[in-house]
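Structure file data-v1.txt (compact mmCIF, C-alpha atoms) follows.
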# COMPACT_ATOMS: atom_id res chain seq x y z
CA MET S 1374 105.96 59.83 126.61
CA TYR S 1375 107.53 62.89 124.95
CA LYS S 1376 108.37 64.41 128.32
CA ILE S 1377 110.28 61.27 129.27
CA PHE S 1378 112.09 61.37 125.94
CA PHE S 1379 112.89 65.06 126.43
CA ARG S 1380 114.34 64.38 129.88
CA LEU S 1381 116.39 61.37 128.77
CA VAL S 1382 117.59 62.58 125.36
CA PHE S 1383 117.02 66.21 124.37
CA LYS S 1384 117.82 67.66 127.78
CA ARG S 1385 121.25 66.02 127.64
CA LEU S 1386 122.04 67.58 124.26
CA ASP S 1387 123.15 71.11 123.49
CA PRO S 1388 119.88 72.98 122.78
CA GLU S 1389 120.86 73.97 119.25
CA GLN S 1390 122.04 70.43 118.47
CA ALA S 1391 118.75 69.04 119.81
CA HIS S 1392 116.81 71.51 117.65
CA HIS S 1393 118.60 70.43 114.48
CA LEU S 1394 118.15 66.75 115.34
CA ALA S 1395 114.42 67.06 116.02
CA PHE S 1396 113.86 69.25 112.97
CA ARG S 1397 115.69 66.73 110.79
CA TRP S 1398 113.37 63.95 112.02
CA ILE S 1399 110.31 66.10 111.30
CA ARG S 1400 111.49 66.85 107.78
CA LEU S 1401 112.29 63.21 107.10
CA ALA S 1402 108.86 62.07 108.30
CA ALA S 1403 107.18 64.62 106.03
CA ARG S 1404 108.93 63.08 103.01
CA VAL S 1405 107.42 59.62 103.52
CA PRO S 1406 103.93 59.59 101.94
CA VAL S 1407 102.15 57.03 104.11
CA LEU S 1408 103.86 58.15 107.31
CA ARG S 1409 103.11 61.85 106.80
CA THR S 1410 99.45 61.09 106.05
CA PHE S 1411 99.16 59.07 109.25
CA LEU S 1412 100.94 61.70 111.34
CA ALA S 1413 98.88 64.57 109.93
CA ALA S 1414 95.67 62.69 110.73
CA ALA S 1415 96.85 62.04 114.28
CA LEU S 1416 98.56 65.36 115.04
CA ALA S 1417 96.66 67.89 112.92
CA PRO S 1418 92.92 67.20 113.25
CA ARG S 1419 90.68 69.79 111.62
CA TYR S 1420 87.88 71.55 113.49
CA LYS S 1421 85.58 73.41 111.13
CA GLU S 1422 84.56 75.81 113.90
CA LEU S 1423 88.17 77.01 114.14
CA ARG S 1424 88.45 78.01 110.48
CA THR S 1425 89.90 81.47 110.38
CA GLU S 1426 90.01 84.32 107.88
CA ALA S 1427 92.80 86.81 108.48
CA LEU S 1428 94.90 89.07 106.27
CA GLY S 1429 92.62 88.15 103.39
CA LEU S 1430 93.69 84.50 103.80
CA ARG S 1431 91.78 81.38 104.79
CA MET S 1432 93.33 79.05 107.35
CA HIS S 1433 92.26 75.80 109.01
CA GLY S 1434 92.67 77.50 112.37
CA PRO S 1435 94.32 80.42 114.16
CA PHE S 1436 97.41 78.64 115.51
CA GLY S 1437 100.76 79.06 113.78
CA LEU S 1438 104.48 78.54 114.21
CA ALA S 1439 106.36 81.70 115.13
CA ALA S 1440 109.46 82.80 113.23
CA GLY S 1441 112.78 81.40 114.42
CA PHE S 1442 112.13 77.67 114.20
CA ASP S 1443 112.36 77.29 110.42
CA LYS S 1444 114.74 80.07 109.49
CA ASN S 1445 115.45 78.88 105.95
CA ALA S 1446 112.12 77.49 104.72
CA VAL S 1447 113.33 73.90 104.75
CA GLY S 1448 110.56 72.27 106.82
CA ILE S 1449 107.23 73.94 106.04
CA ASP S 1450 105.45 70.67 105.20
CA GLY S 1451 106.78 69.04 108.36
CA MET S 1452 105.48 71.79 110.60
CA ALA S 1453 102.08 71.74 108.87
CA MET S 1454 102.02 67.98 109.44
CA LEU S 1455 102.36 68.70 113.18
CA GLY S 1456 99.27 70.92 113.19
CA PHE S 1457 100.46 74.47 112.59
CA ASP S 1458 97.85 76.33 110.51
CA HIS S 1459 100.39 78.88 109.34
CA VAL S 1460 104.18 78.73 109.33
CA GLU S 1461 106.27 81.89 109.59
CA ILE S 1462 109.76 81.30 108.23
CA GLY S 1463 112.82 83.39 108.99
CA THR S 1464 114.06 85.73 110.13
CA VAL S 1465 115.65 86.10 106.66
CA THR S 1466 118.21 88.83 106.00
CA GLY S 1467 119.34 90.46 102.78
CA GLU S 1468 122.65 88.62 102.86
CA PRO S 1469 123.51 85.18 104.29
CA GLN S 1470 125.11 85.26 107.72
CA PRO S 1471 126.29 82.70 110.28
CA GLY S 1472 124.80 84.43 113.30
CA ASN S 1473 126.50 84.88 116.63
CA PRO S 1474 129.16 82.54 118.04
CA LYS S 1475 127.99 79.38 119.78
CA GLN S 1476 126.76 78.65 122.42
CA ARG S 1477 123.81 80.92 121.64
CA LEU S 1478 120.72 78.99 122.72
CA PHE S 1479 119.91 78.12 126.33
CA ARG S 1480 117.07 76.22 127.99
CA LEU S 1481 115.59 77.48 131.26
CA VAL S 1482 113.75 74.23 131.97
CA GLU S 1483 112.43 75.23 135.39
CA ASP S 1484 110.88 78.32 133.83
CA ARG S 1485 109.76 76.61 130.61
CA ALA S 1486 111.68 79.27 128.75
CA LEU S 1487 114.52 79.80 126.30
CA ILE S 1488 117.21 82.44 125.92
CA ASN S 1489 118.59 82.91 122.45
CA ARG S 1490 121.18 85.16 120.90
CA MET S 1491 121.19 83.43 117.53
CA GLY S 1492 121.76 86.64 115.60
CA PHE S 1493 119.61 85.96 112.51
CA ASN S 1494 121.66 82.99 111.28
CA ASN S 1495 120.19 82.18 107.86
CA ASP S 1496 120.94 81.44 104.22
CA GLY S 1497 120.04 84.94 103.00
CA SER S 1498 117.07 86.16 100.99
CA LEU S 1499 118.35 85.03 97.59
CA ARG S 1500 118.74 81.37 98.56
CA VAL S 1501 115.55 81.29 100.63
CA ALA S 1502 113.59 82.83 97.75
CA ALA S 1503 114.95 80.16 95.39
CA ARG S 1504 113.98 77.45 97.87
CA LEU S 1505 110.43 78.80 98.15
CA ALA S 1506 110.16 79.13 94.36
CA SER S 1507 111.11 75.48 93.85
CA ARG S 1508 108.88 74.14 96.63
CA THR S 1509 106.26 71.56 95.72
CA PRO S 1510 103.98 71.63 98.76
CA VAL S 1511 102.47 68.47 100.19
CA PHE S 1512 100.51 70.43 102.78
CA LYS S 1513 99.40 73.98 102.17
CA PRO S 1514 99.58 76.08 105.30
CA VAL S 1515 99.73 79.84 104.99
CA VAL S 1516 103.41 80.79 104.76
CA GLY S 1517 104.62 84.03 106.30
CA VAL S 1518 108.08 85.41 105.61
CA ASN S 1519 109.81 87.35 108.37
CA ILE S 1520 112.61 89.70 107.21
CA GLY S 1521 115.29 91.48 109.22
CA LYS S 1522 118.44 93.56 108.85
CA THR S 1523 121.77 92.04 107.86
CA LYS S 1524 124.14 92.55 110.78
CA VAL S 1525 126.96 94.20 108.82
CA VAL S 1526 124.62 96.69 107.16
CA PRO S 1527 124.79 100.04 108.98
CA GLU S 1528 121.60 101.43 110.44
CA GLU S 1529 121.43 104.23 107.87
CA GLU S 1530 121.33 101.63 105.06
CA ALA S 1531 118.76 99.39 106.73
CA VAL S 1532 115.86 100.43 104.50
CA ALA S 1533 117.66 99.31 101.33
CA ASP S 1534 118.56 96.00 102.98
CA TYR S 1535 114.93 95.30 103.93
CA VAL S 1536 113.75 96.36 100.46
CA LYS S 1537 116.14 93.89 98.84
CA SER S 1538 114.70 91.05 100.90
CA ALA S 1539 111.13 92.17 100.25
CA GLU S 1540 111.69 92.26 96.50
CA ARG S 1541 113.15 88.76 96.52
CA LEU S 1542 110.70 87.13 98.91
CA ALA S 1543 107.34 88.87 98.43
CA PRO S 1544 106.37 86.75 95.39
CA TYR S 1545 106.45 83.62 97.57
CA ALA S 1546 105.00 85.03 100.79
CA ASP S 1547 101.37 84.79 101.84
CA TYR S 1548 102.32 87.65 104.16
CA LEU S 1549 105.48 89.59 105.00
CA VAL S 1550 106.72 90.59 108.46
CA VAL S 1551 109.19 93.38 109.15
CA ASN S 1552 111.16 92.33 112.22
CA VAL S 1553 112.58 95.33 114.07
CA SER S 1554 112.41 93.81 117.52
CA SER S 1555 115.08 91.14 117.91
CA PRO S 1556 117.56 92.10 120.64
CA ASN S 1557 120.38 90.18 118.95
CA THR S 1558 121.26 92.46 116.03
CA PRO S 1559 122.98 95.68 117.15
CA GLY S 1560 120.85 98.76 116.55
CA LEU S 1561 117.86 96.82 115.24
CA ARG S 1562 115.44 97.86 117.97
CA ASN S 1563 116.21 101.52 117.22
CA LEU S 1564 114.12 101.01 114.09
CA GLN S 1565 111.00 100.65 116.27
CA ALA S 1566 111.03 104.42 116.85
CA THR S 1567 108.28 105.83 114.64
CA GLU S 1568 110.58 108.32 112.90
CA ALA S 1569 112.68 105.36 111.68
CA LEU S 1570 109.82 102.89 111.31
CA ARG S 1571 107.66 105.07 109.03
CA PRO S 1572 110.10 105.25 106.08
CA LEU S 1573 111.08 101.59 106.55
CA LEU S 1574 107.54 100.25 106.42
CA SER S 1575 106.60 102.60 103.58
CA ALA S 1576 109.58 101.41 101.52
CA VAL S 1577 108.85 97.72 102.13
CA ARG S 1578 105.18 98.27 101.24
CA GLU S 1579 106.19 99.93 97.98
CA ALA S 1580 108.69 97.15 97.22
CA ALA S 1581 106.10 94.43 97.76
CA ASP S 1582 103.54 96.23 95.57
CA ARG S 1583 106.11 96.87 92.88
CA THR S 1584 107.27 93.25 92.82
CA VAL S 1585 103.87 91.55 93.12
CA SER S 1586 101.19 93.28 91.06
CA ALA S 1587 98.66 90.45 90.84
CA ARG S 1588 97.75 90.55 94.56
CA ARG S 1589 98.38 92.55 97.68
CA VAL S 1590 100.94 90.91 99.95
CA PRO S 1591 99.86 91.64 103.55
CA LEU S 1592 102.51 93.47 105.57
CA LEU S 1593 102.95 93.25 109.34
CA VAL S 1594 105.47 94.54 111.85
CA LYS S 1595 106.74 92.57 114.86
CA ILE S 1596 107.37 94.56 118.03
CA ALA S 1597 109.17 93.96 121.31
CA PRO S 1598 107.51 93.51 124.72
CA ASP S 1599 110.05 95.97 126.13
CA LEU S 1600 108.51 99.00 124.44
CA ALA S 1601 107.08 101.59 126.81
CA ASP S 1602 103.30 101.84 126.69
CA GLU S 1603 103.41 105.18 124.87
CA ASP S 1604 105.67 103.62 122.23
CA VAL S 1605 103.23 100.73 121.78
CA ASP S 1606 100.53 103.34 121.18
CA ALA S 1607 102.74 105.16 118.70
CA VAL S 1608 103.39 102.00 116.69
CA ALA S 1609 99.68 101.19 116.72
CA ASP S 1610 98.82 104.67 115.41
CA LEU S 1611 101.51 104.44 112.74
CA ALA S 1612 100.26 101.04 111.59
CA VAL S 1613 96.78 102.46 111.10
CA GLU S 1614 98.12 105.59 109.39
CA LEU S 1615 100.17 103.56 106.89
CA GLY S 1616 97.42 101.02 106.23
CA LEU S 1617 99.50 98.21 107.63
CA ASP S 1618 97.79 94.83 107.66
CA GLY S 1619 98.86 93.72 111.11
CA ILE S 1620 101.08 93.79 114.18
CA ILE S 1621 102.73 90.79 115.82
CA ALA S 1622 103.00 91.13 119.59
CA THR S 1623 105.50 90.24 120.86
CA ASN S 1624 109.10 89.22 120.22
CA THR S 1625 111.50 88.09 122.97
CA THR S 1626 112.37 90.25 125.96
CA ILE S 1627 115.70 91.46 127.31
CA ALA S 1628 114.12 91.89 130.76
CA ARG S 1629 114.94 89.51 133.60
CA GLU S 1630 113.71 91.34 136.70
CA GLY S 1631 110.13 90.85 137.83
CA LEU S 1632 109.60 87.66 135.83
CA GLY S 1633 109.89 85.28 138.77
CA LEU S 1634 112.62 83.24 137.12
CA LYS S 1635 113.60 80.09 139.01
CA SER S 1636 116.48 78.80 136.89
CA ASP S 1637 120.10 78.98 137.89
CA ALA S 1638 121.48 82.53 137.86
CA SER S 1639 124.22 81.54 135.43
CA LEU S 1640 121.53 80.77 132.86
CA VAL S 1641 119.27 83.70 133.67
CA GLU S 1642 122.17 86.11 133.21
CA GLU S 1643 122.96 84.92 129.68
CA THR S 1644 122.49 87.75 127.20
CA GLY S 1645 119.86 87.43 124.49
CA GLY S 1646 116.12 87.37 124.13
CA LEU S 1647 114.03 85.46 126.66
CA SER S 1648 110.98 83.60 125.35
CA GLY S 1649 108.50 81.19 126.83
CA ALA S 1650 106.23 81.16 129.86
CA PRO S 1651 107.77 84.15 131.74
CA LEU S 1652 106.85 86.40 128.80
CA LYS S 1653 103.15 85.56 129.06
CA ASP S 1654 101.86 88.46 131.16
CA ARG S 1655 103.67 91.29 129.36
CA SER S 1656 102.87 89.93 125.92
CA LEU S 1657 99.19 89.71 126.82
CA GLU S 1658 99.31 93.23 128.26
CA VAL S 1659 100.79 94.64 125.05
CA LEU S 1660 98.19 92.81 122.98
CA ARG S 1661 95.33 94.23 125.04
CA ARG S 1662 96.74 97.72 124.67
CA LEU S 1663 97.09 97.35 120.92
CA TYR S 1664 93.52 96.09 120.49
CA ALA S 1665 92.15 98.90 122.63
CA ARG S 1666 93.97 101.30 120.29
CA VAL S 1667 93.30 99.76 116.86
CA GLY S 1668 90.22 97.58 117.36
CA ASP S 1669 89.35 95.61 114.24
CA ARG S 1670 91.09 97.96 111.82
CA ILE S 1671 94.16 95.75 111.55
CA THR S 1672 94.95 92.12 112.36
CA LEU S 1673 96.77 91.38 115.60
CA VAL S 1674 98.87 88.26 116.10
CA GLY S 1675 99.48 87.16 119.68
CA VAL S 1676 102.76 85.41 120.49
CA GLY S 1677 104.94 85.08 123.58
CA GLY S 1678 104.40 82.62 126.42
CA ILE S 1679 101.59 80.62 124.82
CA GLU S 1680 101.80 77.16 126.35
CA ASN S 1681 98.32 75.69 126.08
CA ALA S 1682 94.82 76.21 124.71
CA GLU S 1683 93.84 78.47 127.60
CA ASP S 1684 96.74 80.81 126.81
CA ALA S 1685 95.71 80.88 123.14
CA TRP S 1686 92.08 81.51 124.08
CA GLN S 1687 93.06 84.41 126.34
CA ARG S 1688 95.00 85.98 123.43
CA ILE S 1689 91.96 85.70 121.21
CA LEU S 1690 89.75 87.34 123.83
CA ALA S 1691 92.40 90.07 124.15
CA GLY S 1692 92.27 90.87 120.43
CA ALA S 1693 94.40 88.35 118.54
CA THR S 1694 92.91 86.91 115.37
CA LEU S 1695 95.95 84.66 115.04
CA VAL S 1696 98.20 83.17 117.71
CA GLN S 1697 101.69 81.73 117.39
CA GLY S 1698 104.00 79.59 119.47
CA TYR S 1699 107.52 78.25 119.46
CA SER S 1700 109.20 77.85 122.87
CA ALA S 1701 106.51 75.62 124.39
CA PHE S 1702 106.85 73.27 121.42
CA ILE S 1703 110.30 72.37 122.77
CA TYR S 1704 108.76 71.28 126.08
CA GLU S 1705 105.41 69.89 124.88
CA GLY S 1706 106.46 67.96 121.78
CA PRO S 1707 104.61 66.80 118.68
CA PHE S 1708 101.13 66.56 120.22
CA TRP S 1709 101.18 70.25 121.16
CA GLY S 1710 99.31 71.48 118.08
CA ARG S 1711 96.64 68.81 118.51
CA ALA S 1712 96.09 69.83 122.14
CA ILE S 1713 95.84 73.53 121.25
CA HIS S 1714 93.21 72.89 118.57
CA LYS S 1715 91.17 70.51 120.69
CA GLY S 1716 91.24 72.90 123.64
CA LEU S 1717 90.29 75.93 121.56
CA ALA S 1718 87.35 74.08 120.02
CA ALA S 1719 86.17 73.06 123.50
CA ARG S 1720 86.43 76.62 124.84
CA LEU S 1721 84.57 78.06 121.89
CA ALA S 1722 81.80 75.48 122.31
CA THR S 1723 81.20 76.48 125.94
CA SER S 1724 81.58 80.23 125.32
CA PRO S 1725 78.83 82.74 124.50
CA TYR S 1726 80.42 83.41 121.10
CA PRO S 1727 78.95 81.75 118.00
CA THR S 1728 82.21 81.93 116.06
CA LEU S 1729 85.88 82.38 116.79
CA ALA S 1730 85.80 85.75 115.05
CA ASP S 1731 83.14 86.95 117.50
CA ALA S 1732 85.48 86.09 120.39
CA VAL S 1733 88.35 88.24 119.09
CA GLY S 1734 88.80 91.18 121.46
CA ALA S 1735 85.68 90.38 123.48
CA ASP S 1736 87.35 90.91 126.86
CA VAL S 1737 88.76 94.30 125.82
CA ARG S 1738 85.43 95.46 124.44
CA LYS S 1739 83.76 94.61 127.75
CA THR S 1740 86.03 97.02 129.61
CA ALA S 1741 86.03 99.78 127.02
Show this structure as structure tokens.
Amino acid sequence: MYKIFFRLVFKRLDPEQAHHLAFRWIRLAARVPVLRTFLAAALAPRYKELRTEALGLRMHGPFGLAAGFDKNAVGIDGMAMLGFDHVEIGTVTGEPQPGNPKQRLFRLVEDRALINRMGFNNDGSLRVAARLASRTPVFKPVVGVNIGKTKVVPEEEAVADYVKSAERLAPYADYLVVNVSSPNTPGLRNLQATEALRPLLSAVREAADRTVSARRVPLLVKIAPDLADEDVDAVADLAVELGLDGIIATNTTIAREGLGLKSDASLVEETGGLSGAPLKDRSLEVLRRLYARVGDRITLVGVGGIENAEDAWQRILAGATLVQGYSAFIYEGPFWGRAIHKGLAARLATSPYPTLADAVGADVRKTA
């Protein structure tokens, strides 16, 4: 039914307009007590065998919403209602910014993909922090906060900009993510180089500890699929050296060649980050490499091209304790979370692993 609705309604709308319309409906449904209870029961069934502990946090399952969908922390309850076990908001920048000029979001329907050059459009860390502080949750998913660099801030002042956001947002974050991998903010990906990344992560860690003394706020870094293998290894080694809590692999890609894209060339050639099904193989490859390097010393989050339960299961076997999705939600609709959970539970039941935790990294360990 959703696929018919997508074809007849959403596909005819500008992608960003369709996003705002659908998100508004989700938020409205989450405000109606009886309706949200019914929808959560139907769309977010709980499987006790999928209960997950990661980053010192307990979750109903391993499947979460990747950053980019709820940039301003306005729909956390709605996304939990749809079955996401954790919701990563953002990317939030130190200062509010409108993002890049429209049109900046494109659907590659034939490839089940998206291209975006949104440019971190968000309300800024001060307003988002206030919104999180005033939130009265109906559902209680784990809430991650993804922070990035304000566009107008020069690269040499990036650390201070990230620290400002960390200080404002850490008190309300179950975990923090340093995003240095979006292709849509000039110079941002330069911060993935270890000589730039080390002082940045160290400063954000110190800011979080200084601001929140009652608990340790887990800190992760999100990396691009376009890193060379040796750079992936370098980030992995740095994460271990700094005592980082996790790595999210991966963000969108600027690559187009070798992905077997079928969509019209005018769409494929749009600048921005490509997400969705074509990213699947490289994202999985990066995840395997990271797990082979770090093992169980830090938490890995697999994201990029996850469309169904089999994709999520393969990420877990490759080393991901948590998995995230976004692009496939646009194509699969509100029953997507339910299908992922049901499929994961079925795969675990027929696997040789007694728990989900035992399955994490199993394929990589076999080949080690």
**OP:** Go ahead and find all residues with at least one atom no further than 8 Å from (105.8, 88.0, 110.5) in the file's coordinates, using all atoms listed in the file; report them as JSON, numbers by chain.
**Re:** {"S": [1439, 1440, 1461, 1517, 1518, 1519, 1520, 1548, 1549, 1550, 1551, 1552, 1593, 1594, 1595, 1621]}
Original post:
By how many Å are atom CA of S:Gly1429 and atom CA of S:Asp1669 apart?
Top reply: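 The value is 13.6 Å.
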Original post:
Looking at S:Leu1430, S:Ala1402, S:Ala1735, S:Leu1412, which one is nearest to S:Leu1695, with distances taken over only C-alpha atoms?
Top reply: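 Smallest separation from S:Leu1695 among the options: S:Leu1430.
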Subject >> For S:Gly1434: contacts at 7 Å, only C-alpha atoms, fewer than 4 positions along chain excluded, given as a PyMOL selection string >> reply: chain S and resi 1423-1425+1458
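Using all atoms listed in the file, the nearest neighbour of S:Ile1596 within the list S:Arg1562, S:Arg1655, S:Arg1541, S:His1392 is S:Arg1562.
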Subject >> Residue nearest S:Phe1436 among S:Leu1600, S:Leu1652, S:Val1511, S:Val1460 (counting only C-alpha atoms) >> reply: S:Val1460
Original post:
Looking at all atoms listed in the file, which of S:Leu1615, S:Glu1483, S:Ser1498, S:Val1515 is the one that sits closest to S:Pro1651?
Top reply: S:Glu1483
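When only C-alpha atoms are used to measure the gap to S:Lys1475, the shortest distance among S:Ile1679, S:Ala1503, S:Gly1463, S:Pro1388 belongs to S:Pro1388.
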**OP:** Go through S:Phe1479, S:Ser1554, S:His1433, S:Pro1527 and flag the residue nearest S:Glu1642, using all atoms listed in the file for the distances.
**Re:**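 Smallest distance to S:Glu1642 is found for S:Phe1479.
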**OP:** Just the residues within 7 Å of S:Arg1711, please, counting all atoms listed in the file, with nothing from its chain fewer than 3 positions along; format it as a VMD selection string.
**Re:** chain S and resid 1416 to 1418 1456 1708 1714 to 1715
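The coordinates place atom CA of S:Lys1513 at 10.8 Å from atom CA of S:Gly1451.
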Original post:
So how many Å separate atom CA of S:Arg1397 and atom CA of S:Met1454, to one decimal?
Top reply: 13.8 Å
**OP:** For S:Lys1522, work out the shell of residues within 9 Å, counting all atoms listed in the file and skipping chain neighbours fewer than 4 positions away, then give it as a ChimeraX atom specification.
**Re:** /S:1465-1468,1493,1526,1528,1531-1532,1534-1535,1552-1553,1558,1561
Where does stretch 1453-1520 of chain S meet stretch 1703-1707 of chain S within 10 Å, residue by residue, with the nearest atom pair and distance in Å to one decimal for each, counting only C-alpha atoms, listed by chain and rising number, as a Markdown table?
| residue | atom | partner | partner_atom | distance |
| --- | --- | --- | --- | --- |
| S:Met1454 | CA | S:Pro1707 | CA | 9.7 |
| S:Leu1455 | CA | S:Pro1707 | CA | 6.2 |
| S:Gly1456 | CA | S:Pro1707 | CA | 8.7 |
| S:Arg1480 | CA | S:Ile1703 | CA | 9.4 |
| S:Val1482 | CA | S:Tyr1704 | CA | 8.3 |
| S:Arg1485 | CA | S:Tyr1704 | CA | 7.1 |
| S:Ala1486 | CA | S:Tyr1704 | CA | 8.9 |
| S:Leu1487 | CA | S:Ile1703 | CA | 9.2 |
Original post:
Residues at most 7 Å from S:Leu1428, counting all atoms listed in the file, excluding those fewer than 4 positions away in the same chain, as a list in words?
Top reply: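 Skipping anything fewer than 4 positions along the chain leaves Pro1591, Asp1618 and Thr1672 of chain S.
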**OP:** Determine, counting all atoms listed in the file, every residue of protein, DNA or RNA that lies within 7 Å of (94.9, 101.1, 115.7) in the file coordinates, then give the result as a PyMOL selection string.
**Re:** chain S and resi 1609-1610+1612-1613+1663+1666-1668+1670-1671
Original post:
What's the 9 Å shell around S:Ala1607, counting all atoms listed in the file, without same-chain residues fewer than 4 positions away, as a PyMOL selection string?
Top reply: chain S and resi 1566-1567+1602-1603+1611-1612
With N, CA and C atoms as the goal, would you fill in the gaps in stretch 1614-1636 of chain S and present it as a short mmCIF file (atom, residue, chain, number, x, y, z; two decimals), in the frame of the given file?
data_model
loop_
_atom_site.label_atom_id
_atom_site.label_comp_id
_atom_site.auth_asym_id
_atom_site.auth_seq_id
_atom_site.Cartn_x
_atom_site.Cartn_y
_atom_site.Cartn_z
N GLU S 1614 97.84 104.49 110.33
CA GLU S 1614 98.12 105.59 109.39
C GLU S 1614 98.65 105.07 108.06
N LEU S 1615 99.54 104.08 108.10
CA LEU S 1615 100.17 103.56 106.89
C LEU S 1615 99.34 102.48 106.20
N GLY S 1616 98.23 102.09 106.80
CA GLY S 1616 97.42 101.02 106.23
C GLY S 1616 98.07 99.67 106.34
N LEU S 1617 98.85 99.49 107.39
CA LEU S 1617 99.50 98.21 107.63
C LEU S 1617 98.44 97.13 107.85
N ASP S 1618 98.76 95.90 107.52
CA ASP S 1618 97.79 94.83 107.66
C ASP S 1618 97.76 94.22 109.05
N GLY S 1619 98.87 94.33 109.80
CA GLY S 1619 98.86 93.72 111.11
C GLY S 1619 100.08 94.03 111.95
N ILE S 1620 99.99 93.67 113.22
CA ILE S 1620 101.08 93.79 114.18
C ILE S 1620 101.21 92.46 114.91
N ILE S 1621 102.46 91.99 115.05
CA ILE S 1621 102.73 90.79 115.82
C ILE S 1621 103.29 91.19 117.17
N ALA S 1622 102.63 90.75 118.23
CA ALA S 1622 103.00 91.13 119.59
C ALA S 1622 103.07 89.87 120.45
N THR S 1623 104.27 89.46 120.89
CA THR S 1623 105.50 90.24 120.86
C THR S 1623 106.68 89.32 120.59
N ASN S 1624 107.84 89.94 120.36
CA ASN S 1624 109.10 89.22 120.22
C ASN S 1624 109.63 88.85 121.61
N THR S 1625 110.88 88.45 121.69
CA THR S 1625 111.50 88.09 122.97
C THR S 1625 111.81 89.34 123.80
N THR S 1626 112.09 89.13 125.06
CA THR S 1626 112.37 90.25 125.96
C THR S 1626 113.82 90.20 126.46
N ILE S 1627 114.38 91.38 126.69
CA ILE S 1627 115.70 91.46 127.31
C ILE S 1627 115.57 91.61 128.83
N ALA S 1628 114.35 91.74 129.33
CA ALA S 1628 114.12 91.89 130.76
C ALA S 1628 114.39 90.57 131.49
N ARG S 1629 114.78 90.67 132.72
CA ARG S 1629 114.94 89.51 133.60
C ARG S 1629 114.26 89.76 134.95
N GLU S 1630 114.30 91.00 135.40
CA GLU S 1630 113.71 91.34 136.70
C GLU S 1630 112.18 91.27 136.63
N GLY S 1631 111.59 90.85 137.72
CA GLY S 1631 110.13 90.85 137.83
C GLY S 1631 109.44 89.72 137.11
N LEU S 1632 110.20 88.76 136.57
CA LEU S 1632 109.60 87.66 135.83
C LEU S 1632 109.49 86.38 136.66
N GLY S 1633 109.99 86.44 137.89
CA GLY S 1633 109.89 85.28 138.77
C GLY S 1633 110.69 84.09 138.30
N LEU S 1634 111.83 84.33 137.69
CA LEU S 1634 112.62 83.24 137.12
C LEU S 1634 113.22 82.37 138.22
N LYS S 1635 113.14 81.05 138.01
CA LYS S 1635 113.60 80.09 139.01
C LYS S 1635 114.91 79.41 138.63
N SER S 1636 115.30 79.52 137.38
CA SER S 1636 116.48 78.80 136.89
C SER S 1636 117.75 79.35 137.50
#
